[in-house]
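Next comes upload12.txt, with compact mmCIF, C-alpha atoms.
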# COMPACT_ATOMS: atom_id res chain seq x y z
CA MET A 18 25.13 2.56 45.67
CA ASN A 19 26.55 4.10 42.48
CA LEU A 20 24.78 4.00 39.15
CA ARG A 21 27.12 1.43 37.55
CA LYS A 22 26.70 -1.03 40.40
CA SER A 23 22.92 -0.65 40.37
CA GLN A 24 22.88 -1.28 36.62
CA GLN A 25 24.95 -4.43 37.10
CA ILE A 26 22.51 -5.70 39.72
CA PHE A 27 19.55 -4.82 37.51
CA SER A 28 21.07 -6.71 34.58
CA LYS A 29 21.23 -9.91 36.66
CA VAL A 30 17.53 -9.92 37.49
CA PRO A 31 15.99 -13.03 35.89
CA PHE A 32 13.03 -12.62 33.60
CA ASN A 33 11.19 -15.79 32.73
CA ALA A 34 8.69 -14.17 30.39
CA LYS A 35 9.43 -13.65 26.76
CA SER A 36 11.20 -10.33 26.21
CA ASN A 37 9.37 -7.44 24.60
CA VAL A 38 11.72 -7.40 21.63
CA ASP A 39 10.85 -11.02 20.80
CA ASN A 40 7.16 -10.64 21.57
CA PRO A 41 5.17 -10.50 18.30
CA PHE A 42 2.27 -8.71 19.97
CA HIS A 43 4.62 -6.03 21.27
CA LYS A 44 6.13 -5.49 17.83
CA LEU A 45 2.72 -5.23 16.20
CA ILE A 46 0.89 -3.03 18.70
CA LEU A 47 3.07 -0.64 20.60
CA HIS A 48 5.24 1.18 18.14
CA PRO A 49 6.33 1.21 14.48
CA LYS A 50 9.36 -0.79 13.39
CA ASN A 51 11.55 2.28 12.98
CA VAL A 52 11.50 3.05 16.75
CA ALA A 53 14.67 1.80 18.46
CA HIS A 54 14.44 -0.68 21.30
CA THR A 55 15.79 0.34 24.70
CA ARG A 56 17.54 -1.85 27.24
CA ALA A 57 14.37 -1.80 29.35
CA ASP A 58 12.49 -3.21 26.35
CA LYS A 59 14.68 -6.29 26.50
CA GLN A 60 14.41 -6.84 30.23
CA LEU A 61 10.99 -5.67 31.36
CA GLY A 62 7.63 -7.28 30.74
CA ASN A 63 4.97 -5.96 28.40
CA PRO A 64 2.68 -3.57 30.37
CA THR A 65 0.00 -3.42 27.67
CA PRO A 66 -2.14 -6.31 29.03
CA ILE A 67 -2.20 -4.63 32.46
CA ALA A 68 -3.65 -1.41 31.11
CA LEU A 69 -5.94 -3.24 28.68
CA ALA A 70 -7.41 -5.25 31.56
CA GLY A 71 -8.31 -2.05 33.38
CA PHE A 72 -9.81 -0.58 30.23
CA LEU A 73 -11.88 -3.68 29.49
CA ILE A 74 -13.25 -4.35 32.97
CA SER A 75 -14.48 -0.76 33.19
CA LEU A 76 -15.81 -0.44 29.65
CA SER A 77 -17.54 -3.83 29.71
CA GLN A 78 -19.38 -3.01 32.91
CA LEU A 79 -20.25 0.49 31.77
CA SER A 80 -21.67 -0.79 28.47
CA CYS A 81 -23.83 -3.37 30.24
CA ASP A 82 -25.10 -0.70 32.64
CA PHE A 83 -25.98 1.66 29.80
CA MET A 84 -27.90 -1.10 28.03
CA GLY A 85 -29.69 -2.05 31.24
CA PHE A 86 -28.67 -5.73 31.16
CA ARG A 87 -30.51 -7.78 33.79
CA GLY A 88 -32.23 -4.66 35.06
CA ALA A 89 -28.99 -2.75 35.67
CA GLY A 90 -29.17 0.94 36.38
CA THR A 91 -28.39 2.97 33.29
CA SER A 92 -26.10 5.54 34.93
CA GLY A 93 -23.17 3.24 35.76
CA ALA A 94 -22.91 4.57 39.31
CA ALA A 95 -22.89 1.07 40.83
CA ALA A 96 -19.39 0.50 39.41
CA THR A 97 -17.78 3.60 40.93
CA ALA A 98 -15.02 1.63 42.66
CA SER A 99 -14.28 -0.34 39.47
CA TYR A 100 -13.92 2.86 37.47
CA ILE A 101 -11.48 4.31 39.98
CA ILE A 102 -9.35 1.20 40.60
CA PHE A 103 -9.49 -0.72 37.31
CA GLY A 104 -10.26 2.11 34.91
CA GLY A 105 -8.21 4.79 36.63
CA VAL A 106 -5.35 3.41 38.71
CA LEU A 107 -4.60 0.32 36.60
CA GLN A 108 -4.60 2.22 33.31
CA LEU A 109 -2.48 5.04 34.70
CA LEU A 110 -0.02 2.46 36.00
CA GLY A 111 0.10 0.79 32.58
CA GLY A 112 0.44 4.15 30.86
CA VAL A 113 3.40 5.17 33.04
CA LEU A 114 5.08 1.82 32.38
CA GLU A 115 4.55 2.28 28.64
CA TRP A 116 6.07 5.74 28.93
CA SER A 117 9.10 4.34 30.76
CA LEU A 118 9.69 2.05 27.77
CA GLY A 119 9.41 4.93 25.33
CA HIS A 120 6.05 3.90 23.86
CA THR A 121 4.43 7.28 23.35
CA PHE A 122 1.18 6.31 21.62
CA SER A 123 0.11 3.56 24.01
CA SER A 124 1.23 5.64 26.99
CA VAL A 125 -0.93 8.60 25.95
CA VAL A 126 -3.94 6.36 25.23
CA PHE A 127 -3.84 4.54 28.56
CA CYS A 128 -3.11 7.65 30.64
CA THR A 129 -5.95 9.64 29.07
CA PHE A 130 -8.41 6.78 29.49
CA GLY A 131 -7.20 6.32 33.06
CA ALA A 132 -7.97 9.98 33.70
CA PHE A 133 -11.34 9.57 31.96
CA TYR A 134 -12.42 6.73 34.24
CA LEU A 135 -11.07 8.44 37.34
CA SER A 136 -13.12 11.50 36.44
CA THR A 137 -16.19 9.34 35.78
CA GLY A 138 -15.82 7.47 39.06
CA LEU A 139 -15.21 10.59 41.13
CA ASP A 140 -18.23 12.24 39.54
CA PHE A 141 -20.43 9.58 41.18
CA ILE A 142 -19.11 10.21 44.70
CA PRO A 143 -21.86 12.16 46.54
CA SER A 144 -19.45 14.06 48.79
CA LEU A 145 -17.96 15.80 45.76
CA ASN A 146 -21.43 17.22 45.04
CA SER A 147 -20.87 17.50 41.28
CA TRP A 148 -24.58 17.61 40.45
CA GLY A 149 -25.80 18.71 43.87
CA SER A 150 -24.39 22.17 43.27
CA PHE A 151 -26.95 22.56 40.45
CA ALA A 152 -29.91 21.59 42.64
CA PRO A 153 -32.35 24.37 43.61
CA ASP A 154 -32.13 25.64 47.17
CA GLY A 155 -33.85 23.31 49.60
CA SER A 156 -33.98 20.43 47.09
CA PRO A 157 -32.07 17.14 47.35
CA ALA A 158 -28.75 16.87 45.49
CA VAL A 159 -30.23 14.50 42.90
CA ALA A 160 -32.48 17.32 41.67
CA GLY A 161 -29.41 18.88 40.10
CA LEU A 162 -29.43 16.15 37.45
CA ALA A 163 -32.54 17.76 35.92
CA ASN A 164 -30.93 21.20 35.73
CA PRO A 165 -30.39 22.20 32.07
CA ALA A 166 -27.12 23.92 32.99
CA TYR A 167 -25.76 20.70 34.48
CA ASN A 168 -26.58 18.59 31.43
CA ALA A 169 -25.36 21.24 29.02
CA SER A 170 -22.01 21.30 30.83
CA ALA A 171 -21.82 17.51 31.24
CA GLY A 172 -22.16 16.97 27.48
CA PHE A 173 -18.81 18.56 26.72
CA PHE A 174 -16.87 15.77 28.46
CA PRO A 175 -17.93 12.91 26.13
CA LEU A 176 -17.80 15.31 23.17
CA TRP A 177 -14.12 16.14 23.56
CA MET A 178 -13.30 12.60 24.60
CA GLY A 179 -14.81 11.59 21.26
CA VAL A 180 -12.52 14.03 19.46
CA LEU A 181 -9.58 12.49 21.30
CA CYS A 182 -10.64 8.98 20.27
CA PHE A 183 -11.04 10.09 16.66
CA VAL A 184 -7.40 11.18 16.60
CA TYR A 185 -6.43 7.87 18.21
CA MET A 186 -8.40 6.04 15.52
CA VAL A 187 -6.48 7.83 12.77
CA ALA A 188 -3.16 7.07 14.49
CA ALA A 189 -4.21 3.43 14.94
CA LEU A 190 -4.20 3.04 11.16
CA ARG A 191 -0.46 2.52 11.60
CA THR A 192 -0.97 -0.35 14.05
CA ASN A 193 -3.73 -2.91 13.49
CA ILE A 194 -7.35 -3.40 12.47
CA CYS A 195 -8.54 -4.22 15.99
CA PHE A 196 -7.39 -0.90 17.43
CA VAL A 197 -9.07 0.98 14.59
CA VAL A 198 -12.36 -0.84 15.25
CA ILE A 199 -12.11 -0.22 19.02
CA PHE A 200 -11.64 3.51 18.59
CA PHE A 201 -14.27 3.75 15.84
CA PHE A 202 -17.03 2.37 18.06
CA LEU A 203 -15.81 4.49 20.97
CA VAL A 204 -16.13 7.61 18.81
CA VAL A 205 -19.67 6.67 17.75
CA GLY A 206 -20.64 5.80 21.34
CA LEU A 207 -19.27 9.04 22.78
CA CYS A 208 -21.13 11.06 20.13
CA LEU A 209 -24.37 9.27 21.04
CA LYS A 210 -23.73 9.92 24.74
CA THR A 211 -23.19 13.61 24.04
CA ALA A 212 -26.49 13.76 22.15
CA SER A 213 -28.26 11.94 24.99
CA VAL A 214 -27.05 14.38 27.63
CA TRP A 215 -27.77 17.45 25.53
CA LEU A 216 -31.32 16.27 24.87
CA LEU A 217 -31.83 16.25 28.63
CA ALA A 218 -30.44 19.78 28.73
CA ILE A 219 -33.14 20.91 26.28
CA ASP A 220 -36.06 19.24 28.06
CA TYR A 221 -35.31 16.80 30.87
CA THR A 222 -38.85 15.43 31.02
CA GLY A 223 -39.97 15.69 27.41
CA TYR A 224 -36.84 14.12 25.94
CA SER A 225 -36.24 11.52 28.65
CA ASP A 226 -37.32 8.60 26.41
CA PRO A 227 -35.19 9.45 23.35
CA ALA A 228 -32.29 10.27 25.67
CA LYS A 229 -32.65 6.84 27.26
CA ARG A 230 -32.65 5.18 23.84
CA LEU A 231 -29.51 7.07 22.87
CA ASN A 232 -27.93 5.99 26.14
CA THR A 233 -28.77 2.37 25.31
CA ALA A 234 -27.23 2.80 21.86
CA THR A 235 -24.14 4.23 23.54
CA GLY A 236 -23.89 1.07 25.61
CA ALA A 237 -24.18 -1.06 22.47
CA MET A 238 -21.31 0.81 20.78
CA PHE A 239 -19.17 0.50 23.91
CA PHE A 240 -20.01 -3.21 24.13
CA VAL A 241 -18.75 -3.87 20.60
CA SER A 242 -15.58 -1.93 21.37
CA ALA A 243 -15.08 -3.93 24.58
CA MET A 244 -15.54 -7.28 22.83
CA VAL A 245 -12.88 -6.42 20.26
CA GLY A 246 -10.71 -5.29 23.15
CA TRP A 247 -11.12 -8.66 24.87
CA TYR A 248 -9.96 -10.29 21.63
CA VAL A 249 -6.83 -8.10 21.60
CA TRP A 250 -6.16 -8.75 25.30
CA THR A 251 -6.41 -12.51 24.75
CA SER A 252 -3.92 -12.19 21.91
CA ALA A 253 -1.55 -10.30 24.21
CA ILE A 254 -1.77 -12.88 26.99
CA LEU A 255 -1.15 -15.79 24.60
CA ALA A 256 1.84 -13.96 23.11
CA ALA A 257 3.21 -13.25 26.60
CA VAL A 258 3.54 -16.97 27.38
CA ASP A 259 4.68 -17.86 23.84
CA PHE A 260 1.55 -19.90 23.29
CA PRO A 261 1.83 -22.10 20.17
CA MET A 262 -1.36 -20.63 18.70
CA GLN A 263 -1.28 -16.89 18.07
CA ILE A 264 -4.42 -14.85 17.42
CA PRO A 265 -4.11 -12.44 14.46
CA ILE A 266 -5.16 -8.85 15.08
CA GLY A 267 -4.72 -7.47 11.57
CA ASP A 268 -1.33 -5.86 11.07
CA LEU A 269 -1.63 -2.54 9.24
CA SER A 270 2.00 -1.43 9.51
CA HIS A 271 2.69 -2.63 5.95
CA VAL A 272 -0.42 -0.90 4.58
CA ILE A 273 0.29 2.63 5.77
CA ARG A 274 4.05 3.13 5.89
CA GLY A 275 5.64 5.60 8.27
CA ARG A 276 7.05 8.93 7.10
CA SER A 277 10.61 8.00 8.07
CA GLU A 278 10.35 4.64 6.31
CA THR A 279 9.02 6.30 3.15
CA ARG A 280 11.79 8.88 3.27
CA GLU A 281 14.48 6.23 3.68
CA LYS A 282 13.16 4.29 0.70
CA SER A 283 13.05 7.47 -1.35
CA GLU A 284 16.63 8.34 -0.46
CA SER A 285 17.87 4.80 -1.14
CA SER A 286 16.18 4.78 -4.56
CA LYS A 287 17.83 8.09 -5.46
CA ALA A 288 21.21 6.75 -4.42
Write the structure described by the file as structure tokens, please.
Amino acid sequence: MNLRKSQQIFSKVPFNAKSNVDNPFHKLILHPKNVAHTRADKQLGNPTPIALAGFLISLSQLSCDFMGFRGAGTSGAAATASYIIFGGVLQLLGGVLEWSLGHTFSSVVFCTFGAFYLSTGLDFIPSLNSWGSFAPDGSPAVAGLANPAYNASAGFFPLWMGVLCFVYMVAALRTNICFVVIFFFLVVGLCLKTASVWLLAIDYTGYSDPAKRLNTATGAMFFVSAMVGWYVWTSAILAAVDFPMQIPIGDLSHVIRGRSETREKSESSKA
């Protein structure tokens, strides 16, 4: 089948959902107004709610675990499968779909968070022996969790993930208030998690209580971020079905104008 014939067949595929170009959520969230729409934009659905669902299911459960809701374990290990499937696979799928539509920012965000949750989930699989390799000879694998070297190394992951989220937060100033709030609380939570792990690296027994309190605070920050995320996801779902009531998410595109838009206005004023 040649390319022209395949394109003709593809163009006849019916799409009942509202197109991305007409979708107000898509215009507001995914990319600035100066980015051109592709043909795929007009024919394919909006992948953002798919990736957001994976992000929210994982983050919501992780935050509740960290806070110990209903006696939950504070490590998050009970949700290993959720982290891998929802947090990892679903977000990577959404990120690739965003990339195929030319949406760089959302693609990078979802792919990096997909990798984050895959890494987190795989870290809890005993056969990978991530902490067991730090256990003293003849001791059970779980003893490696008390090794200062393990905790010192483990703290770098949330630290640099926090740096990543800080950059995302700055970039989100061109999108909407909700995204800025989500990334802000993620940055604070990841910093608290880093401090919690590094306290255990200093003295696993002596600092266990303050480390636990920091871990609980991490869960609280993640919980706030997740709740705002649920608000955004609901807005996306309502927009997808052209629901008569739309939920505002705080458009910031008119507050901080893009470089190309500013340059165009400057050139037009000179002319």
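Distances here use only C-alpha atoms; by that measure, the residue among A:Leu118, A:Leu255, A:Leu107, A:Met178 closest to A:Leu73 is A:Leu107.
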| Quick one: of A:Asn164, A:Ser123, A:Thr192, A:Ser117, who's nearest to A:Gly275, counting only C-alpha atoms? |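 Closest to A:Gly275 of all the choices is A:Thr192.
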| Residue among A:Ser277, A:Pro153, A:Ser147, A:Pro64 lying closest to A:His120, counting all atoms listed in the file |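 Smallest separation from A:His120 among the options: A:Pro64.
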| request: Skip A:Gly111 itself and residues of its chain fewer than 2 positions away, then list as a ChimeraX atom specification all residues within 8 Å of it, counting only C-alpha atoms. | output: /A:64-65,67-68,107-109,113-115,124,127-128
| Near stretch 159-163 of chain A, counting all atoms listed in the file, which residues have an atom at most 9 Å away, once you skip same-chain residues fewer than 3 positions from it, shown as a PyMOL selection string? | chain A and resi 147-153+156+166-168+217-218+220-222
| said: Nearest residue to A:Leu69 out of A:Phe260, A:Phe196, A:Tyr224, A:Phe141, using all atoms listed in the file? | reply: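 Distance minimum relative to A:Leu69 lands on A:Phe196.
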| request: For A:Gly267, please output as a list in words all residues within 10 Å (counting all atoms listed in the file; exclusion window: fewer than 3 positions along the same chain). | output: Leu45, Thr192, Asn193, Ile194, Cys195, Phe196, Val197, Ile264 and Ser270 of chain A
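Checking A:Ala132, A:Gly206, A:Ala257, A:Cys81 one by one against A:Gly104, counting only C-alpha atoms, you find the shortest gap at A:Ala132.
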Selection near A:Val272, 9 Å with all atoms listed in the file, sequence-local residues under 4 positions removed, as a PDB file with C-alpha atoms, in the coordinates of the input:
ATOM      1  CA  LEU A 190      -4.200   3.040  11.160  1.00  0.00           C
ATOM      2  CA  ARG A 191      -0.460   2.520  11.600  1.00  0.00           C
ATOM      3  CA  ASP A 268      -1.330  -5.860  11.070  1.00  0.00           C
TER       4      ASP A 268
END
| field | Nearest-residue call for A:Trp215, choices A:Gly246, A:Gly179, A:Gly172, A:Pro261, using all atoms listed in the file | value |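 Selected residue with least distance to A:Trp215: A:Gly172.
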| message | Show me, as a count of residues only, the residues that have an atom within 12 Å of A:Val180 when counting only C-alpha atoms, minus same-chain residues fewer than 6 positions from it. | response | 13
| message | If I take atom CA of A:Ser170 and atom CA of A:Ala212, how far is one from the other in Å, to one decimal? | response |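 According to the coordinates, atom CA of A:Ser170 and atom CA of A:Ala212 are separated by 12.3 Å.
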| task | Give me, please, the distance in Å between atom CA of A:Ser77 and atom CA of A:Met244, quoted to one decimal. | result |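 Between atom CA of A:Ser77 and atom CA of A:Met244 the gap is 8.0 Å.
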| query | How far is it from atom CA of A:Val125 to atom CA of A:Thr233, in Å with one decimal? | reply |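 Distance between the two atoms: 28.5 Å.
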| task | Using all atoms listed in the file, collect all residues at a distance of at most 9 Å from (-14.2, 9.1, 40.7) as written in the file, then present them as a PyMOL selection string. | result | chain A and resi 97-98+100-101+105+134-142
